[in-house]
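work01.txt, holding compact mmCIF, C-alpha atoms:
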# COMPACT_ATOMS: atom_id res chain seq x y z
CA MET V 1 52.56 15.53 -80.58
CA ALA V 2 51.91 11.83 -81.39
CA LEU V 3 55.25 10.66 -79.97
CA ASP V 4 54.37 12.31 -76.66
CA ASP V 5 51.74 9.59 -76.12
CA THR V 6 54.47 6.95 -75.89
CA LYS V 7 55.05 8.00 -72.27
CA ASN V 8 52.03 5.78 -71.52
CA ALA V 9 53.44 2.78 -73.40
CA ILE V 10 54.12 0.56 -70.38
CA GLY V 11 50.59 0.84 -69.05
CA ALA V 12 49.23 0.52 -72.59
CA VAL V 13 50.98 -2.83 -73.10
CA THR V 14 49.52 -4.16 -69.84
CA GLN V 15 46.05 -2.93 -70.85
CA ALA V 16 46.41 -4.47 -74.31
CA LEU V 17 47.43 -7.84 -72.84
CA LYS V 18 44.57 -7.75 -70.33
CA ASN V 19 42.01 -7.01 -73.05
CA ARG V 20 43.45 -9.59 -75.45
CA ILE V 21 43.63 -12.44 -72.92
CA ASP V 22 40.23 -11.59 -71.45
CA PHE V 23 38.55 -11.53 -74.89
CA PHE V 24 40.06 -14.65 -76.45
CA SER V 25 40.14 -16.85 -73.33
CA GLY V 26 36.71 -15.89 -72.00
CA THR V 27 38.25 -15.64 -68.51
CA THR V 28 38.38 -12.49 -66.40
CA VAL V 29 41.89 -11.03 -66.12
CA THR V 30 43.11 -9.07 -63.09
CA VAL V 31 46.34 -7.06 -62.81
CA GLY V 32 48.58 -7.11 -59.75
CA ARG V 33 50.81 -9.31 -57.64
CA PRO V 34 49.66 -12.95 -57.50
CA ASP V 35 49.44 -12.79 -53.69
CA GLN V 36 46.92 -9.94 -53.72
CA HIS V 37 43.91 -12.26 -54.33
CA THR V 38 42.21 -9.66 -56.51
CA GLY V 39 39.43 -11.98 -57.75
CA THR V 40 36.92 -14.24 -56.01
CA ASN V 41 35.80 -16.20 -59.10
CA PRO V 42 37.85 -18.14 -61.65
CA HIS V 43 40.29 -15.69 -63.21
CA LEU V 44 43.77 -15.11 -64.64
CA ASN V 45 46.19 -12.70 -62.98
CA LEU V 46 48.70 -10.63 -64.98
CA PHE V 47 51.80 -9.32 -63.17
CA LEU V 48 54.55 -7.14 -64.68
CA TYR V 49 57.54 -8.36 -62.71
CA GLU V 50 60.53 -6.92 -64.62
CA ILE V 51 61.48 -4.20 -67.12
CA ALA V 52 64.73 -4.52 -69.06
CA PHE V 53 66.30 -2.34 -71.77
CA ASP V 54 66.56 -4.00 -75.17
CA PRO V 55 70.32 -4.43 -75.87
CA HIS V 56 69.72 -4.93 -79.60
CA LEU V 57 68.13 -1.48 -80.05
CA LYS V 58 70.27 0.58 -77.68
CA ASN V 59 70.96 4.04 -79.17
CA THR V 60 68.77 3.26 -82.20
CA LEU V 61 67.37 6.56 -83.54
CA LEU V 62 64.02 7.26 -85.14
CA ASN V 63 65.51 10.18 -87.12
CA GLU V 64 68.97 11.67 -87.38
CA GLY V 65 69.39 14.60 -85.00
CA GLU V 66 66.98 13.23 -82.39
CA LYS V 67 67.76 11.66 -79.04
CA ALA V 68 67.35 7.88 -79.10
CA PRO V 69 64.12 6.55 -77.54
CA LEU V 70 64.05 4.11 -74.66
CA TRP V 71 63.60 0.58 -76.04
CA MET V 72 62.30 -1.79 -73.38
CA VAL V 73 61.46 -5.44 -72.80
CA LEU V 74 58.48 -5.98 -70.48
CA LYS V 75 58.37 -9.32 -68.64
CA TYR V 76 55.05 -10.66 -67.36
CA LEU V 77 53.82 -13.47 -65.13
CA LEU V 78 50.42 -15.11 -65.84
CA THR V 79 48.81 -17.06 -62.99
CA ALA V 80 45.46 -18.90 -63.02
CA PHE V 81 43.03 -19.09 -60.09
CA GLU V 82 39.99 -21.30 -59.57
CA SER V 83 38.80 -19.03 -56.75
CA THR V 84 40.23 -16.40 -54.42
CA ASP V 85 43.21 -18.44 -53.26
CA GLU V 86 43.14 -21.72 -55.19
CA SER V 87 45.67 -21.84 -58.02
CA ASP V 88 46.63 -25.54 -57.95
CA SER V 89 43.56 -27.38 -59.19
CA ILE V 90 42.34 -28.95 -62.40
CA GLU V 91 40.10 -25.95 -63.16
CA ALA V 92 42.92 -23.50 -62.50
CA HIS V 93 45.18 -25.49 -64.82
CA GLU V 94 42.49 -25.36 -67.53
CA HIS V 95 42.31 -21.58 -67.19
CA LEU V 96 46.10 -21.38 -67.43
CA GLY V 97 46.04 -23.42 -70.65
CA ARG V 98 43.48 -21.06 -72.18
CA GLY V 99 45.62 -18.07 -71.24
CA LEU V 100 48.73 -19.81 -72.61
CA ARG V 101 47.05 -20.32 -75.99
CA VAL V 102 45.98 -16.67 -76.19
CA VAL V 103 49.50 -15.41 -75.43
CA TYR V 104 50.85 -17.78 -78.10
CA ARG V 105 48.34 -16.52 -80.69
CA ASP V 106 50.14 -14.87 -83.70
CA ASP V 107 53.22 -14.11 -81.54
CA LEU V 108 52.27 -10.44 -81.99
CA LEU V 109 50.43 -7.97 -79.83
CA LYS V 110 47.85 -6.61 -82.27
CA LEU V 111 46.37 -3.14 -81.72
CA THR V 112 43.11 -3.77 -83.61
CA GLY V 113 40.04 -3.19 -81.46
CA LEU V 114 41.93 -1.77 -78.47
CA PRO V 115 40.91 1.46 -76.66
CA THR V 116 42.00 4.72 -78.26
CA ASN V 117 44.43 5.63 -75.48
CA VAL V 118 46.22 2.27 -75.86
CA VAL V 119 46.50 2.63 -79.65
CA LYS V 120 47.82 6.21 -79.35
CA ALA V 121 50.57 5.08 -76.97
CA LEU V 122 51.70 2.06 -79.01
CA ASP V 123 50.96 2.99 -82.63
CA PRO V 124 54.05 5.28 -83.03
CA ASN V 125 56.24 2.23 -82.32
CA PRO V 126 57.99 1.55 -85.66
CA SER V 127 58.14 -2.20 -84.94
CA GLU V 128 55.33 -4.61 -84.18
CA LEU V 129 55.25 -5.80 -80.57
CA HIS V 130 56.43 -9.39 -80.34
CA VAL V 131 55.32 -11.74 -77.55
CA THR V 132 57.69 -14.60 -76.68
CA PHE V 133 57.76 -17.10 -73.83
CA ASP V 134 60.42 -17.23 -71.11
CA GLU V 135 61.39 -20.08 -68.84
CA SER V 136 59.63 -20.03 -65.46
CA PRO V 137 61.89 -22.04 -63.11
CA THR V 138 60.88 -22.68 -59.52
CA ASP V 139 63.56 -20.39 -58.07
CA LEU V 140 62.16 -17.44 -60.06
CA MET V 141 58.63 -18.37 -58.97
CA ALA V 142 59.75 -18.53 -55.33
CA LYS V 143 61.19 -15.01 -55.52
CA LEU V 144 58.10 -13.57 -57.20
CA MET V 145 55.65 -15.31 -54.89
CA GLN V 146 57.12 -13.94 -51.67
CA GLY V 147 54.27 -12.46 -49.67
CA PRO V 148 51.97 -13.03 -46.71
CA ASP V 149 51.31 -16.65 -47.66
CA SER V 150 54.63 -17.40 -49.48
CA LYS V 151 52.74 -19.91 -51.59
CA LEU V 152 54.25 -21.18 -54.83
CA ARG V 153 51.68 -20.85 -57.64
CA LEU V 154 52.02 -22.48 -61.04
CA SER V 155 52.50 -19.70 -63.61
CA ILE V 156 53.96 -18.93 -67.03
CA CYS V 157 56.39 -16.14 -67.96
CA PHE V 158 56.50 -14.23 -71.23
CA GLN V 159 57.92 -10.97 -72.55
CA VAL V 160 56.84 -8.17 -74.91
CA ARG V 161 59.40 -6.30 -77.02
CA PRO V 162 60.40 -3.75 -78.24
CA VAL V 163 58.33 -1.19 -76.31
CA MET V 164 59.29 2.40 -77.17
CA ILE V 165 59.14 5.55 -75.05
CA ALA V 166 60.26 8.48 -77.22
CA SER V 167 62.37 11.32 -75.87
CA GLY V 168 60.51 14.54 -75.14
CA GLU V 169 63.49 16.69 -76.15
CA PRO V 170 63.49 18.69 -79.44
CA GLY V 171 65.69 17.23 -82.16
CA ASP V 172 69.10 18.73 -82.91
CA TYR V 173 68.29 19.67 -86.52
CA SER V 174 70.04 22.40 -88.44
CA LEU V 175 69.83 24.29 -91.69
CA LEU V 176 71.43 22.48 -94.62
CA VAL V 177 75.12 23.10 -95.25
CA GLY V 178 75.92 24.86 -98.52
CA VAL V 179 72.52 26.51 -99.09
CA ASP V 180 72.37 30.30 -99.29
CA TYR V 181 69.32 31.11 -97.17
CA THR V 182 69.70 34.86 -97.75
CA LYS V 183 68.09 34.42 -101.16
CA ASP V 184 64.34 34.42 -101.80
CA LEU V 185 63.63 30.73 -101.26
CA VAL V 186 60.00 31.02 -102.36
CA ALA V 187 60.74 32.73 -105.69
CA PRO V 188 59.47 30.85 -108.78
CA ASN V 189 61.86 28.15 -110.06
CA PHE V 190 64.29 28.79 -107.18
CA LYS V 191 67.06 26.20 -106.84
CA PRO V 192 69.37 26.39 -103.80
CA THR V 193 73.02 27.11 -104.58
CA LEU V 194 75.16 24.30 -103.18
CA VAL V 195 78.79 24.96 -102.30
CA ASP V 196 79.82 21.37 -103.06
CA PRO V 197 78.02 18.62 -105.04
CA TYR V 198 76.49 15.67 -103.22
CA VAL V 199 78.90 12.75 -102.83
CA GLY V 200 78.02 9.31 -104.20
CA ILE V 201 78.76 5.94 -102.62
CA ASP V 202 80.70 2.87 -103.79
CA VAL V 203 78.56 -0.11 -104.75
CA ILE V 204 78.96 -3.74 -105.81
CA PRO V 205 78.94 -4.34 -109.60
CA SER V 206 76.42 -6.55 -111.39
CA MET V 207 75.67 -7.73 -114.95
CA GLY V 208 74.60 -5.15 -117.51
CA SER V 209 74.81 -1.48 -116.60
CA PHE V 210 76.80 -0.73 -113.48
CA ILE V 211 76.21 2.34 -111.31
CA SER V 212 79.20 3.87 -109.55
CA GLU V 213 77.70 7.22 -108.54
CA ILE V 214 74.46 9.19 -108.50
CA SER V 215 74.58 13.00 -108.43
CA PRO V 216 73.02 14.75 -106.73
CA LYS V 217 72.23 12.07 -104.19
CA GLY V 218 69.34 14.18 -102.93
CA PHE V 219 66.98 15.58 -105.57
CA GLU V 220 63.61 17.30 -105.82
CA VAL V 221 60.70 16.85 -108.19
CA GLY V 222 61.52 18.46 -111.54
CA GLU V 223 65.30 18.03 -111.26
CA GLU V 224 67.59 16.16 -113.65
CA VAL V 225 69.84 13.55 -112.05
CA THR V 226 73.09 12.10 -113.39
CA ILE V 227 74.07 8.44 -112.99
CA SER V 228 77.73 7.59 -113.66
CA GLY V 229 79.06 4.10 -114.35
CA THR V 230 79.60 1.71 -117.25
CA ASP V 231 77.41 0.53 -120.13
CA MET V 232 75.09 3.49 -119.80
CA HIS V 233 74.75 3.74 -123.61
CA LEU V 234 72.75 0.53 -124.07
CA ALA V 235 69.41 0.63 -125.82
CA ASN V 236 66.03 0.56 -124.06
CA LEU V 237 67.24 1.90 -120.72
CA SER V 238 65.08 3.49 -118.07
CA VAL V 239 65.58 4.31 -114.40
CA MET V 240 63.60 2.85 -111.51
CA LEU V 241 63.22 5.06 -108.44
CA GLY V 242 61.66 2.63 -106.00
CA PRO V 243 58.52 1.41 -107.85
CA VAL V 244 58.47 4.40 -110.25
CA GLU V 245 59.90 4.20 -113.78
CA LEU V 246 61.43 7.47 -114.97
CA PRO V 247 62.60 8.42 -118.49
CA VAL V 248 66.22 8.72 -119.56
CA THR V 249 67.02 12.14 -121.08
CA MET V 250 70.69 11.68 -122.08
CA GLN V 251 73.05 8.72 -122.59
CA GLN V 252 76.82 8.31 -122.89
CA PRO V 253 78.95 5.20 -122.31
CA ASP V 254 79.93 6.36 -118.82
CA GLN V 255 76.82 8.24 -117.73
CA LEU V 256 73.15 8.90 -118.29
CA LYS V 257 70.64 11.44 -117.04
CA PHE V 258 67.03 10.97 -116.01
CA ALA V 259 64.26 13.42 -115.20
CA VAL V 260 62.31 13.37 -111.93
CA ASP V 261 59.15 14.05 -113.91
CA PRO V 262 56.51 15.89 -111.81
CA ALA V 263 53.55 14.22 -113.55
CA ILE V 264 54.95 10.71 -113.14
CA ILE V 265 55.90 11.31 -109.51
CA ALA V 266 52.44 12.74 -108.73
CA ALA V 267 50.61 9.87 -110.44
CA SER V 268 52.69 7.24 -108.63
CA ALA V 269 51.82 8.55 -105.12
CA ILE V 270 55.43 7.89 -104.05
CA SER V 271 56.52 9.85 -100.97
CA ALA V 272 59.73 11.65 -100.14
CA GLY V 273 62.40 9.46 -98.59
CA SER V 274 65.31 7.17 -99.45
CA HIS V 275 64.54 4.86 -102.39
CA PRO V 276 66.52 2.26 -104.36
CA VAL V 277 67.71 3.45 -107.78
CA THR V 278 68.47 0.99 -110.59
CA VAL V 279 69.10 1.26 -114.33
CA VAL V 280 66.80 -1.18 -116.16
CA GLN V 281 67.24 -2.49 -119.68
CA THR V 282 64.19 -3.94 -121.44
CA LEU V 283 65.48 -6.85 -123.54
CA PRO V 284 64.14 -7.03 -127.12
CA GLY V 285 62.21 -10.14 -128.07
CA THR V 286 61.40 -11.47 -124.58
CA GLY V 287 60.55 -8.13 -122.96
CA LYS V 288 62.37 -9.22 -119.80
CA LYS V 289 64.11 -6.56 -117.75
CA ARG V 290 67.77 -6.68 -116.74
CA LYS V 291 68.57 -4.53 -113.71
CA SER V 292 71.83 -2.92 -112.68
CA ASN V 293 73.16 -2.86 -109.16
CA THR V 294 71.26 -0.68 -106.71
CA VAL V 295 72.22 2.62 -105.11
CA ILE V 296 70.18 4.81 -102.79
CA GLY V 297 68.67 8.06 -104.01
CA ASN V 298 66.98 10.53 -101.71
CA LEU V 299 63.74 11.99 -103.07
CA VAL V 300 63.59 15.31 -101.25
CA PRO V 301 60.41 17.28 -100.44
CA THR V 302 60.02 20.88 -101.57
CA LEU V 303 58.71 23.57 -99.21
CA ASN V 304 57.69 26.66 -101.16
CA THR V 305 55.69 28.69 -98.63
CA VAL V 306 54.50 28.61 -95.04
CA ALA V 307 51.40 30.77 -94.55
CA VAL V 308 50.84 31.80 -90.93
CA GLY V 309 47.27 32.07 -89.64
CA ALA V 310 45.92 34.57 -87.14
CA ALA V 311 47.37 34.33 -83.65
CA VAL V 312 45.38 33.27 -80.61
CA ILE V 313 47.21 34.76 -77.63
CA ASP V 314 47.69 32.24 -74.83
CA ASP V 315 50.13 34.17 -72.66
CA PRO V 316 50.59 37.99 -72.84
CA GLY V 317 54.09 37.40 -71.54
CA PRO V 318 56.68 38.45 -71.67
CA PRO V 319 57.45 36.56 -73.80
CA ILE V 320 54.13 36.68 -75.66
CA LYS V 321 52.97 33.17 -76.60
CA SER V 322 50.22 32.17 -79.04
CA HIS V 323 48.94 29.31 -81.14
CA ARG V 324 47.75 29.38 -84.76
CA ASP V 325 47.50 27.50 -88.07
CA PHE V 326 50.37 26.96 -90.54
CA ASP V 327 49.57 26.14 -94.18
CA LEU V 328 52.46 24.57 -96.10
CA THR V 329 52.73 24.44 -99.90
CA GLY V 330 55.27 22.68 -102.07
CA ALA V 331 55.70 19.11 -103.29
CA LEU V 332 55.94 15.74 -101.53
CA LEU V 333 55.00 17.28 -98.18
CA GLY V 334 53.89 13.88 -96.91
CA LEU V 335 50.81 11.73 -96.42
CA ASP V 336 49.16 10.82 -93.11
CA SER V 337 51.21 7.60 -93.13
CA ASP V 338 54.55 9.41 -93.62
CA ASP V 339 56.90 10.41 -90.80
CA THR V 340 56.66 14.20 -91.12
CA ILE V 341 58.34 16.70 -88.77
CA LEU V 342 58.11 20.49 -88.72
CA ALA V 343 60.71 22.24 -86.56
CA PHE V 344 60.80 25.91 -85.47
CA TYR V 345 64.46 27.01 -85.64
CA ARG V 346 66.05 30.24 -84.44
CA ASN V 347 69.24 31.46 -82.77
CA GLY V 348 71.07 28.33 -83.83
CA ALA V 349 68.74 25.80 -82.17
CA VAL V 350 65.35 24.11 -82.54
CA LEU V 351 62.77 25.65 -80.21
CA GLU V 352 59.77 23.38 -80.89
CA VAL V 353 59.07 20.26 -82.97
CA PHE V 354 55.64 19.04 -84.14
CA ASP V 355 54.77 15.81 -85.95
CA LEU V 356 50.96 15.71 -85.82
CA PHE V 357 49.41 17.36 -88.88
CA THR V 358 45.80 17.85 -89.92
CA PRO V 359 44.63 14.59 -91.57
CA LEU V 360 44.52 14.71 -95.36
CA PRO V 361 41.20 14.15 -97.17
CA ALA V 362 40.36 10.64 -98.37
CA SER V 363 41.51 11.55 -101.90
CA PRO V 364 44.20 14.25 -101.57
CA PRO V 365 45.39 16.04 -104.73
CA PRO V 366 48.28 14.22 -106.45
CA GLY V 367 51.78 15.36 -105.65
CA GLN V 368 51.28 15.96 -101.90
CA LEU V 369 51.20 19.71 -102.51
CA THR V 370 49.80 20.97 -99.19
CA ARG V 371 49.86 20.15 -95.48
CA GLN V 372 48.43 21.99 -92.49
CA LEU V 373 49.71 22.15 -88.93
CA VAL V 374 47.09 23.28 -86.40
CA LEU V 375 48.47 24.26 -83.01
CA LYS V 376 46.33 24.15 -79.90
CA SER V 377 46.63 26.17 -76.71
CA ASN V 378 49.03 23.62 -75.22
CA ASP V 379 51.32 24.05 -78.27
CA GLU V 380 51.92 27.76 -77.78
CA ILE V 381 54.89 29.36 -79.57
CA PRO V 382 56.65 32.58 -78.46
CA ALA V 383 56.43 35.51 -80.87
CA GLY V 384 59.47 36.10 -83.09
CA ASP V 385 61.23 35.10 -86.33
CA TYR V 386 61.78 31.43 -87.21
CA TYR V 387 63.21 29.32 -90.00
CA MET V 388 60.91 26.38 -90.78
CA ILE V 389 62.64 23.01 -91.11
CA LEU V 390 60.50 20.28 -92.71
CA ILE V 391 61.63 16.64 -92.69
CA VAL V 392 59.64 13.90 -94.45
CA ASN V 393 60.73 10.28 -93.95
CA GLY V 394 64.19 11.44 -92.93
CA GLN V 395 64.68 13.84 -95.88
CA GLN V 396 64.93 17.59 -95.18
CA THR V 397 63.71 20.23 -97.63
CA PRO V 398 66.49 22.43 -99.10
CA GLN V 399 64.20 25.38 -98.45
CA SER V 400 63.66 26.67 -94.91
CA PRO V 401 61.39 29.70 -95.30
CA LYS V 402 61.63 32.40 -92.69
CA ILE V 403 58.37 33.34 -90.95
CA THR V 404 57.47 35.98 -88.42
CA LEU V 405 55.05 35.23 -85.59
CA ALA V 406 53.62 38.61 -84.69
CA ALA V 407 53.02 39.52 -81.08
CA TRP V 408 49.37 40.33 -81.76
CA PRO V 409 46.76 39.07 -84.27

Would you kindly transcribe this structure into C-alpha cells?
Amino acid sequence: MALDDTKNAIGAVTQALKNRIDFFSGTTVTVGRPDQHTGTNPHLNLFLYEIAFDPHLKNTLLNEGEKAPLWMVLKYLLTAFESTDESDSIEAHEHLGRGLRVVYRDDLLKLTGLPTNVVKALDPNPSELHVTFDESPTDLMAKLMQGPDSKLRLSICFQVRPVMIASGEPGDYSLLVGVDYTKDLVAPNFKPTLVDPYVGIDVIPSMGSFISEISPKGFEVGEEVTISGTDMHLANLSVMLGPVELPVTMQQPDQLKFAVDPAIIAASAISAGSHPVTVVQTLPGTGKKRKSNTVIGNLVPTLNTVAVGAAVIDDPGPPIKSHRDFDLTGALLGLDSDDTILAFYRNGAVLEVFDLFTPLPASPPPGQLTRQLVLKSNDEIPAGDYYMILIVNGQQTPQSPKITLAAWP
C-alpha cells in the first residue's frame, strides 16, 4: 500500500532537506547534534530538535470512514562550521548564509530529483510541504547546545509542515444504506433500488436560474438527474458538471433534467468525485454565459464485475491465505492520479484495504472502464467470501459485487 510508506516520512523529510541544502549551497551537510563534530571540513549541520502535532489539521481525515493520520510539524536547527569545531568565523557565517538562502528558496520542499524512497514516503501527502523560519533566541540555543563543550553556536531555526503519517488500520467502510445487495448487481442495466431518495442541500440564490436541490445527489454515468429551483424554463440552458457541459433533456419552470451522457463523460476524461454543478444560460447576441448558484453533485463510479485470478497459496493455514490478481470492470474506476481504494468486506467489517493499483497505460481507453489490483505475497488474503467496496475520490460505487476466494487454485 502507498500510504504504508508514510511511516518513513520523518526520516524522508530530513533526507530531502539534506539533499536540497547540499545541492543548492554546494556545502556538505551532516545530520546530528551540533556538538557531535561530525565533519572535519567546512560543512552545515542539520539537527531535528523538536516534533509537534499540527493543531490546524488535528482529526483531519483523508477519507470518510478512515482513522485520521498524524499531522506533524518538524523543527530543525541549521548550524555552519568552518572546521571540526569552529562555528564562529567569517567563513562559517558565509556557509550559514548559503544554507539560509537554500532553505528560503520557494518556501516549499520540492520532491523533484529526490531518491525513490523519499518520494514514496512524502508523495502521498495531500498538501505540499511548506518550509518557514522560526525565531532562534539565545535561550533556545543554550538549551539545544548543552553538551560536552556547552558552546553556543550561531544557528537558524526553521520548520516543515504538514508532515503526514497515515494510520495503518483498515477504514471503517460499510455497504451503502438502502441498496438491495441480494439482487444480481452485475446484471445488464442494473440500477440499485434505493429505499429513500438522496437529500439535497440548501444554497445561496444568485441571478438567473436558481438551484434549490439536485436529485439524486450521487449519480452514475448514464443516469438522468433532476435539478429543482426557479427559472428552469429559460432558453439556451445547459448544465455544467465541473468542466463538462451536459445536455438538458426536460424543462419546467421549477425543474429541469439533464443526462450524464456516457460519450461526453468519457471524452472529457473527468473522474468520479464531488464536482460543482451549475445551470448555465447562453445569452443570445453576445454569447456570454450566465451561471446559476452552485451545488455539489457526486459523480459516482460503477463497478460491474470483479474477476478473480488464480490463487498463489502463501500459507496453507488454517486459515488458508493466498495472493492473486483482481480485474475490475465498470465506469470511472479511476486514473493513476485518483485516490482509489478497494476494500475486502465480510462479517460486518473491512478485513483488508488496498490503494495501489497496476499503473494504467499511457493512453488508457476513455471512460476509465478497467482497473487491476495485483496482490503480492505480503498482501495475502484468507480464503472466503467477500463484498468488494470500491471508493474513488471519496465516492463509493452503489455496487459491491460478492466474490469467492477459493482455498486452492

Within 12 Å of range 244-263 of chain V: each range 321-402 of chain V residue with its shortest pair, all atoms listed in the file, as a tab-separated table:
residue	atom	partner	partner_atom	distance
V:Gly330	CA	V:Pro262	CA	11.9
V:Ala331	CA	V:Pro262	CA	9.1
V:Leu332	CA	V:Pro262	CA	10.3
V:Pro366	CA	V:Ala263	CA	8.8
V:Gly367	CA	V:Pro262	CA	7.8
V:Gln368	CA	V:Pro262	CA	11.2
V:Leu369	CA	V:Pro262	CA	11.4

For Asp336 in chain V: contacts at 12 Å, only C-alpha atoms, fewer than 6 positions along chain excluded, given as a ChimeraX atom specification = /V:271,355-364,368,370-372,392-393

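Those residues positioned at most 7 Å from (38.6, -17.4, -56.0) are Gly39, Thr40, Asn41, Pro42, Phe81, Glu82, Ser83, Thr84, Asp85 and Glu86 of chain V, judged using all atoms listed in the file.
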
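Comparing V:Ser215, V:Asn117, V:Asn347, V:Thr138 by their smallest distance to Asn8 in chain V, the closest is V:Asn117 (using only C-alpha atoms).
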
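Using all atoms listed in the file for every distance, the candidate list V:Ser238, V:Leu328, V:His323, V:Phe219 yields V:Phe219 as the residue closest to Leu299 in chain V.
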
Please check which residues have atoms at most 10 Å from (63.2, 17.5, -80.0) in the file's coordinates, counting all atoms listed in the file, and write them as a PDB file with C-alpha atoms, in the coordinates of the input.
ATOM      1  CA  GLY V  65      69.390  14.600 -85.000  1.00  0.00           C
ATOM      2  CA  GLU V  66      66.980  13.230 -82.390  1.00  0.00           C
ATOM      3  CA  LYS V  67      67.760  11.660 -79.040  1.00  0.00           C
ATOM      4  CA  ALA V 166      60.260   8.480 -77.220  1.00  0.00           C
ATOM      5  CA  SER V 167      62.370  11.320 -75.870  1.00  0.00           C
ATOM      6  CA  GLY V 168      60.510  14.540 -75.140  1.00  0.00           C
ATOM      7  CA  GLU V 169      63.490  16.690 -76.150  1.00  0.00           C
ATOM      8  CA  PRO V 170      63.490  18.690 -79.440  1.00  0.00           C
ATOM      9  CA  GLY V 171      65.690  17.230 -82.160  1.00  0.00           C
ATOM     10  CA  ASP V 172      69.100  18.730 -82.910  1.00  0.00           C
ATOM     11  CA  TYR V 173      68.290  19.670 -86.520  1.00  0.00           C
ATOM     12  CA  ALA V 343      60.710  22.240 -86.560  1.00  0.00           C
ATOM     13  CA  VAL V 350      65.350  24.110 -82.540  1.00  0.00           C
ATOM     14  CA  LEU V 351      62.770  25.650 -80.210  1.00  0.00           C
ATOM     15  CA  GLU V 352      59.770  23.380 -80.890  1.00  0.00           C
ATOM     16  CA  VAL V 353      59.070  20.260 -82.970  1.00  0.00           C
ATOM     17  CA  PHE V 354      55.640  19.040 -84.140  1.00  0.00           C
TER      18      PHE V 354
END

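Here CA of Val31 in chain V and CA of Pro126 in chain V stand 27.1 Å from one another.
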
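Taking CA of Ala267 in chain V and CA of Thr329 in chain V as the two end points, the separation is 18.1 Å.
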
message = So that I can check the surroundings of Gln15 in chain V, please list as an MDAnalysis selection string every protein, DNA and RNA residue that reaches within 12 Å of it, counting all atoms listed in the file and ignoring chain neighbours fewer than 2 positions away.
response = chainID V and resid 8:13 17:22 29:31 46:48 109 111 114:119 121:122

Once 3 Å is added on each side, what are the centre and the three edge lengths, in Å to one decimal, of the axis-aligned box enclosing the listed atoms of range 161-169 of chain V? Present them as JSON.
{"center_x": 60.9, "center_y": 5.2, "center_z": -76.6, "size_x": 11.2, "size_y": 29.0, "size_z": 9.2}

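Pairwise distance (CA of Tyr345 in chain V, CA of Gly309 in chain V) equals 18.4 Å.
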
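For the residues V:Asp123, V:Asp35, V:Glu128, V:Asp339, ranking by smallest atom-to-atom distance to Gly273 in chain V using only C-alpha atoms places V:Asp339 first.
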
task = Would you mind telling me which residue in V:Pro365, V:Gly218, V:Gly229, V:Pro124 lies nearest to Ala269 in chain V when using only C-alpha atoms?
result = V:Pro365

ask   = Near Val163 in chain V, counting all atoms listed in the file, which residues have an atom at most 8 Å away, once you skip same-chain residues fewer than 2 positions from it, shown as a list of chain:residue names?
value = V:Ala9, V:Ile10, V:Leu70, V:Trp71, V:Met72, V:Val73, V:Leu74, V:Leu122, V:Asn125, V:Leu129, V:Val160, V:Arg161, V:Ile165

request  = Between V:Ser292, V:Ser136, V:Gln159, V:Asn378, single out the one closest to Glu50 in chain V, counting all atoms listed in the file.
outcome  = V:Gln159

request  = Counting only C-alpha atoms, figure out which residue out of V:Pro243, V:Pro316, V:Pro301, V:Pro69 gets nearest to Thr397 in chain V.
outcome  = V:Pro301

task = Please provide the set of residues having any atom within 6 Å of Ala92 in chain V, restricted to all atoms listed in the file, with same-chain residues fewer than 2 positions apart removed, written as an NGL selection string.
result = :V and (80-82 or 87 or 89-90 or 94-95)

request  = Within 10 Å of Ile381 in chain V, counting only C-alpha atoms, which residues show up once you throw out same-chain ones fewer than 5 positions away? Write them as a PyMOL selection string, please.
outcome  = chain V and resi 311+313-315+319-324+344+351-352+375+405

Could those selected residues go to a file with C-alpha atoms, as a compact mmCIF listing (two decimals), in the coordinates of the input?
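As written to disk, selection19.txt reads:
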# COMPACT_ATOMS: atom_id res chain seq x y z
CA ALA V 311 47.37 34.33 -83.65
CA ILE V 313 47.21 34.76 -77.63
CA ASP V 314 47.69 32.24 -74.83
CA ASP V 315 50.13 34.17 -72.66
CA PRO V 319 57.45 36.56 -73.80
CA ILE V 320 54.13 36.68 -75.66
CA LYS V 321 52.97 33.17 -76.60
CA SER V 322 50.22 32.17 -79.04
CA HIS V 323 48.94 29.31 -81.14
CA ARG V 324 47.75 29.38 -84.76
CA PHE V 344 60.80 25.91 -85.47
CA LEU V 351 62.77 25.65 -80.21
CA GLU V 352 59.77 23.38 -80.89
CA LEU V 375 48.47 24.26 -83.01
CA LEU V 405 55.05 35.23 -85.59
